[in-house]
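J.: The following block contains the structure, expressed as structure tokens.
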Amino acid sequence: MTQTTKNRWADYTILGLSVFLIFCLLFEPFIELPNLVSWLGRWHPLVLHFPIVLLLIAIFLGLTGKPVPRLLLIVAVLSTLITAILGFFLGMDVPIKGDLLFWHQLLGGATALIAALWYGLDAIGLEKAMYTKVLQVVLIGLIAFTGHYGGMVTHGEEFLAFPTEEPDDKIPENPIVYTDIVFRILDDKCVSCHNPNKQKGELVMTSFDKLLEGGEDGPILVAGKPEESEMIKRLHLPMEDEDHMPPEGKNPLQENEIAILEQWIALGASDTIRLNQLPESEPLVSLIKEMMVPDPSEKWAKLPKVADSTLQNLASDYLSVSRVASNTEALNVVIFPPPEYHPKTITDLKRIANNIVALDLSRLPISETEISVIATFANLERLEVDKTPITDSGVEKLASLEQLELLKIYDTKITDKSISTFKKLPNLKSLYLYKTEVSENAVADLKKEKPNLLINDGIDKETQAFFVATDSVINP
Ligand code: HEC
């Protein structure tokens, strides 16, 4: 007798919760939830594991022809309904749902209601009927798909929902201003709230087209007119203003990031223009170039450790080796011409090959043996081999220095043959070429291929004097 009263209690609760869930799903747009309820919703991700496990156990028993304990079924169905309702509360925090969330909610709701239906069939003694088994099979599918979409909502929105415009870490040499710079800023600071799954203010910033579409109040940017663009206006509002973007408490934009967005809009908000298509005089050019300088501490974070004792052992009266900054493994090596030079001075540096980021060999009588060793210094960024006997075949060996940014090779015997090597160095930014046999035509050709490369070819006497004056070890 007590058994039936207990079950009746369960019957009514399950029926009541099912009706409430249907009501929620149907009338969602008209429901405004109090704070407590949206707090309850946050339990959804935690609670959801119970119904999955319990339902699957119950289904397993049912499908293998074993009796499903009544209590198990009650707890499984109740927890499914509660999870679905909590999930609905949680979803209320998101004003406009993306597809993923929509499907997740629909499937989750269906799972709960079909589980309730199974309970109903079981209650009227149809637990062994064919359609009860069909329901159980359908439930397995529903659980799987609900979980799949749920996983994408929580973990996947960044990498599953819009993979096409995900930028890679490094800003390319000649970036597309929108894709490589502007989108990166938006992606970093805005997209968490303005994406297909979470369209705050009905604004989506995950693609250029969506950005142009704007939000609930229409377009947010006016090409050529940053001061009239809603997006920029909001960045300039005082932090406390509730319209300020990103909202208070979120990581705000840096001054230079705001300036970049502004200048980009001022120049017409193009999605195709590249850095080198902008006139050098545009403020946007220097803003972007500043941004492209990688943070050195990050760049050198992966260098192998070197002990201070190793540095002391290598150092001599003619060799200075020092850390570029006190807490880094990046080393700066300067070798002064000793009275009696021996190649070993350089070949001994093999021990710290990966740590050397700057190497000054000006005026040393180096041969190709040493150059072959230098060519293995994979992290070398600055190399000075001016006034050395280096030749074109030596330069050819240096093509492996992918990190090389600065090369001083003036006052040497190199010729036009070396130009092809310079073209190959992907990170080369400045090249000191004067007093070599390189022809003006070859320099012009190099400039065409690498428009951002700063070449000092000695044509301008004034700059030449400047570079000579600032060279650390020039003693004419
Ligand atoms: C923490 C979430 C969040 C972040 C991050 C965020 N926004 Fe918003 N944004 C909102 C909300 C909520 C609204 C709707 C309320 C409103 O209009 O103020 C909104 C609305 C807007 C609107 C107005 C859309 C319209 O048509 O009404 C613009 C423009 C905007 N955001 C730009 C940005 C920019 C640019 C960033 C990045 C710098 C950003 N948002 C980052 C939450 C966010």
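Chains: A, B, ... in order of the structure tokens. Residues: from 1 per chain. Ligands: from 1, in order shown.
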Taking only residues of chain A that have an atom at most 6 Å from an atom of ligand 1, what is each one's shortest atom pair and its distance in Å to one decimal, using only C-alpha atoms and all ligand atoms, in chain and number order, as a tab-separated table?
T.:
residue	atom	partner	partner_atom_place_in_ligand_line	distance
A:Leu186	CA	ligand 1	37 (C)	5.6
A:Lys189	CA	ligand 1	37 (C)	4.8
A:Cys190	CA	ligand 1	37 (C)	3.3
A:Ser192	CA	ligand 1	5 (C)	5.6
A:Cys193	CA	ligand 1	2 (C)	4.3
A:Lys200	CA	ligand 1	11 (C)	4.4
A:Gly201	CA	ligand 1	14 (C)	3.6
A:Leu203	CA	ligand 1	24 (C)	5.5
A:Gly214	CA	ligand 1	26 (O)	5.7
A:Gly215	CA	ligand 1	26 (O)	3.2
A:Glu216	CA	ligand 1	26 (O)	4.0
A:Asp217	CA	ligand 1	26 (O)	3.7
A:Gly218	CA	ligand 1	26 (O)	5.2
A:Ile220	CA	ligand 1	29 (C)	5.2
A:Glu230	CA	ligand 1	29 (C)	5.2
A:Met231	CA	ligand 1	29 (C)	3.9
A:Asp243	CA	ligand 1	18 (O)	4.4
A:Met245	CA	ligand 1	39 (C)	4.6
A:Pro246	CA	ligand 1	41 (C)	3.8
A:Pro247	CA	ligand 1	1 (C)	5.5
J.: Can those selected residues be exported to a file as a PDB file, in the first residue's frame so that it contains C-alpha atoms?
T.:
ATOM      1  CA  LEU A 186      38.256  41.727 -31.524  1.00  0.00           C
ATOM      2  CA  LYS A 189      38.533  41.187 -26.326  1.00  0.00           C
ATOM      3  CA  CYS A 190      35.032  41.106 -27.811  1.00  0.00           C
ATOM      4  CA  SER A 192      33.551  35.993 -26.096  1.00  0.00           C
ATOM      5  CA  CYS A 193      30.246  37.892 -25.891  1.00  0.00           C
ATOM      6  CA  LYS A 200      24.968  40.150 -26.881  1.00  0.00           C
ATOM      7  CA  GLY A 201      23.224  43.176 -28.360  1.00  0.00           C
ATOM      8  CA  LEU A 203      26.055  41.634 -32.482  1.00  0.00           C
ATOM      9  CA  GLY A 214      26.096  45.365 -36.798  1.00  0.00           C
ATOM     10  CA  GLY A 215      23.823  44.767 -33.834  1.00  0.00           C
ATOM     11  CA  GLU A 216      20.286  45.417 -32.652  1.00  0.00           C
ATOM     12  CA  ASP A 217      20.712  49.133 -33.299  1.00  0.00           C
ATOM     13  CA  GLY A 218      22.083  48.662 -36.813  1.00  0.00           C
ATOM     14  CA  ILE A 220      28.315  49.699 -35.592  1.00  0.00           C
ATOM     15  CA  GLU A 230      29.136  53.067 -32.397  1.00  0.00           C
ATOM     16  CA  MET A 231      31.870  50.520 -31.825  1.00  0.00           C
ATOM     17  CA  ASP A 243      27.551  51.020 -22.507  1.00  0.00           C
ATOM     18  CA  MET A 245      32.828  47.938 -24.204  1.00  0.00           C
ATOM     19  CA  PRO A 246      33.971  45.528 -23.056  1.00  0.00           C
ATOM     20  CA  PRO A 247      31.711  45.848 -20.002  1.00  0.00           C
TER      21      PRO A 247
END
J.: As a PyMOL selection string, please: the residues near Leu361 in chain A (cut-off 6 Å, only C-alpha atoms, same-chain neighbours under 6 positions excluded).
T.: chain A and resi 335+384-385
J.: Would you output that residue set with C-alpha atoms, as a short mmCIF file (atom, residue, chain, number, x, y, z; two decimals), in the first residue's frame?
T.:
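Listing of selection.cif after writing:
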data_model
loop_
_atom_site.label_atom_id
_atom_site.label_comp_id
_atom_site.auth_asym_id
_atom_site.auth_seq_id
_atom_site.Cartn_x
_atom_site.Cartn_y
_atom_site.Cartn_z
CA ILE A 335 84.59 38.86 -29.92
CA GLU A 384 77.92 41.42 -37.35
CA VAL A 385 80.50 40.15 -39.82
#
J.: Name the residues in contact with Leu56 in chain A at a cut-off of 12 Å, using only C-alpha atoms, excluding same-chain residues fewer than 6 positions from it; report them as a compact mmCIF listing (two decimals) with N, CA and C atoms, in the first residue's frame.
T.:
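This went into part.txt:
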# COMPACT_ATOMS: atom_id res chain seq x y z
N HIS A 49 25.48 15.02 -14.99
CA HIS A 49 26.12 13.70 -15.08
C HIS A 49 25.25 12.60 -14.47
N PHE A 50 24.44 12.95 -13.46
CA PHE A 50 23.60 11.92 -12.82
C PHE A 50 22.60 11.30 -13.78
N GLY A 62 16.61 -2.41 -19.23
CA GLY A 62 15.38 -2.57 -20.01
C GLY A 62 15.62 -3.33 -21.31
N LEU A 63 16.66 -2.96 -22.03
CA LEU A 63 16.91 -3.55 -23.35
C LEU A 63 17.40 -5.00 -23.24
N VAL A 68 13.57 -3.27 -14.62
CA VAL A 68 14.19 -2.01 -14.22
C VAL A 68 13.61 -1.64 -12.86
N LEU A 72 15.00 3.15 -9.34
CA LEU A 72 16.03 3.61 -10.28
C LEU A 72 15.38 4.47 -11.36
N LEU A 73 14.26 3.96 -11.90
CA LEU A 73 13.61 4.69 -12.97
C LEU A 73 13.11 6.06 -12.48
N ALA A 76 16.10 8.33 -12.05
CA ALA A 76 16.66 8.67 -13.37
C ALA A 76 15.78 9.72 -14.06
N VAL A 77 14.50 9.49 -14.08
CA VAL A 77 13.59 10.40 -14.80
C VAL A 77 13.52 11.76 -14.10
N THR A 80 16.63 13.69 -14.75
CA THR A 80 16.67 14.16 -16.13
C THR A 80 15.82 15.42 -16.28
N THR A 111 14.85 14.63 -24.49
CA THR A 111 15.34 13.51 -23.68
C THR A 111 14.51 13.40 -22.39
N ALA A 115 11.93 10.41 -21.49
CA ALA A 115 12.19 9.63 -20.28
C ALA A 115 10.93 9.61 -19.41
N GLN A 136 13.48 3.46 -25.51
CA GLN A 136 14.79 3.33 -24.87
C GLN A 136 15.93 3.52 -25.88
N VAL A 137 15.73 2.94 -27.07
CA VAL A 137 16.76 3.11 -28.10
C VAL A 137 16.85 4.58 -28.51
N VAL A 138 15.68 5.20 -28.70
CA VAL A 138 15.67 6.63 -29.07
C VAL A 138 16.39 7.45 -27.99
N LEU A 139 16.17 7.09 -26.74
CA LEU A 139 16.80 7.83 -25.64
C LEU A 139 18.33 7.79 -25.72
N ILE A 140 18.86 6.62 -26.07
CA ILE A 140 20.32 6.52 -26.19
C ILE A 140 20.82 7.55 -27.20
N GLY A 141 20.14 7.60 -28.35
CA GLY A 141 20.53 8.56 -29.38
C GLY A 141 20.41 9.99 -28.88
N LEU A 142 19.31 10.28 -28.22
CA LEU A 142 19.10 11.64 -27.73
C LEU A 142 20.17 12.05 -26.71
N ILE A 143 20.49 11.12 -25.82
CA ILE A 143 21.51 11.44 -24.80
C ILE A 143 22.84 11.76 -25.51
N ALA A 144 23.17 10.92 -26.49
CA ALA A 144 24.44 11.12 -27.19
C ALA A 144 24.48 12.49 -27.88
J.: Excluding Ile232 in chain A and its own-chain neighbours fewer than 6 positions away, which residues fall within 9 Å of it when counting only C-alpha atoms? Please give them as a ChimeraX atom specification.
T.: /A:220-221,226,258,261-262
J.: Taking the DSSP assignment computed from this structure's backbone, write out as a list in words all residues of range 59-299 of chain A that belong to strand (DSSP E or B).
T.: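 So, restricting range 59-299 of chain A to strand (DSSP E or B), we get Lys97, Ile176, His194, Asn195, Lys198, Gln199, Gly215, Gly218 and Arg274 of chain A.
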J.: Would you give me, as an MDAnalysis selection string, the residues in range 133-344 of chain A that DSSP reads as alpha helix (DSSP H)?
T.: chainID A and resid 133:151 183:189 208:213 230:236 255:266 283:292 296:299 308:314 344
J.: Please report, as a Markdown table, each residue of range 132-241 of chain A lying at most 12 Å from range 425-446 of chain A, together with the nearest pair of atoms and the separation in Å rounded to one decimal; use only C-alpha atoms, and order rows by chain and ascending residue number.
T.:
| residue | atom | partner | partner_atom | distance |
| --- | --- | --- | --- | --- |
| A:Ile171 | CA | A:Asn427 | CA | 11.9 |
| A:Pro172 | CA | A:Asn427 | CA | 10.2 |
| A:Glu173 | CA | A:Asn427 | CA | 8.0 |
| A:Asn174 | CA | A:Asn427 | CA | 11.4 |
J.: Near Leu275 in chain A, within 12 Å and counting only C-alpha atoms, which residues show up once chain neighbours fewer than 3 positions away are dropped, as a short mmCIF file (atom, residue, chain, number, x, y, z; two decimals) with C-alpha atoms, in the first residue's frame?
T.:
data_model
loop_
_atom_site.label_atom_id
_atom_site.label_comp_id
_atom_site.auth_asym_id
_atom_site.auth_seq_id
_atom_site.Cartn_x
_atom_site.Cartn_y
_atom_site.Cartn_z
CA ILE A 171 51.62 38.09 -37.16
CA PRO A 172 52.84 37.51 -40.73
CA GLU A 173 55.49 39.71 -42.26
CA ASN A 174 53.07 41.70 -44.38
CA PRO A 175 49.80 41.33 -42.49
CA ILE A 176 46.31 41.80 -43.84
CA VAL A 177 45.19 44.63 -41.58
CA TYR A 178 41.73 43.24 -40.87
CA THR A 179 42.50 39.52 -40.56
CA ASP A 180 45.85 39.65 -38.83
CA ILE A 181 45.48 42.75 -36.68
CA VAL A 182 41.93 44.04 -36.25
CA TRP A 264 41.51 51.16 -39.58
CA SER A 270 38.82 47.32 -45.65
CA ASP A 271 39.05 43.58 -45.12
CA THR A 272 41.70 43.05 -47.79
CA LEU A 278 49.44 51.73 -46.71
CA PRO A 279 51.58 54.85 -47.09
CA GLU A 280 54.48 54.80 -44.58
CA SER A 281 53.24 58.11 -43.20
CA GLU A 282 49.95 56.64 -41.96
CA PRO A 283 49.87 56.38 -38.16
CA LEU A 284 48.33 52.93 -38.61
CA VAL A 285 51.60 51.67 -40.10
CA SER A 286 53.68 52.47 -37.04
CA LEU A 287 50.94 51.25 -34.70
CA ILE A 288 50.92 47.89 -36.43
CA LYS A 289 54.70 47.66 -36.63
CA MET A 292 54.46 43.13 -34.48
CA PRO A 451 59.82 46.02 -49.39
CA ASN A 452 59.99 46.15 -45.59
#
J.: I need the residue nearest Lys424 in chain A from this list: A:Leu237, A:Ile346, A:Leu404, A:Ala266. Use only C-alpha atoms for the distance.
T.: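 Distance minimum relative to Lys424 in chain A lands on A:Leu404.
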J.: Choose the residue, out of A:Leu71, A:Gly249, A:Val191, A:Ile390, that has the smallest atom-to-atom separation from Val204 in chain A; count only C-alpha atoms.
T.: A:Val191
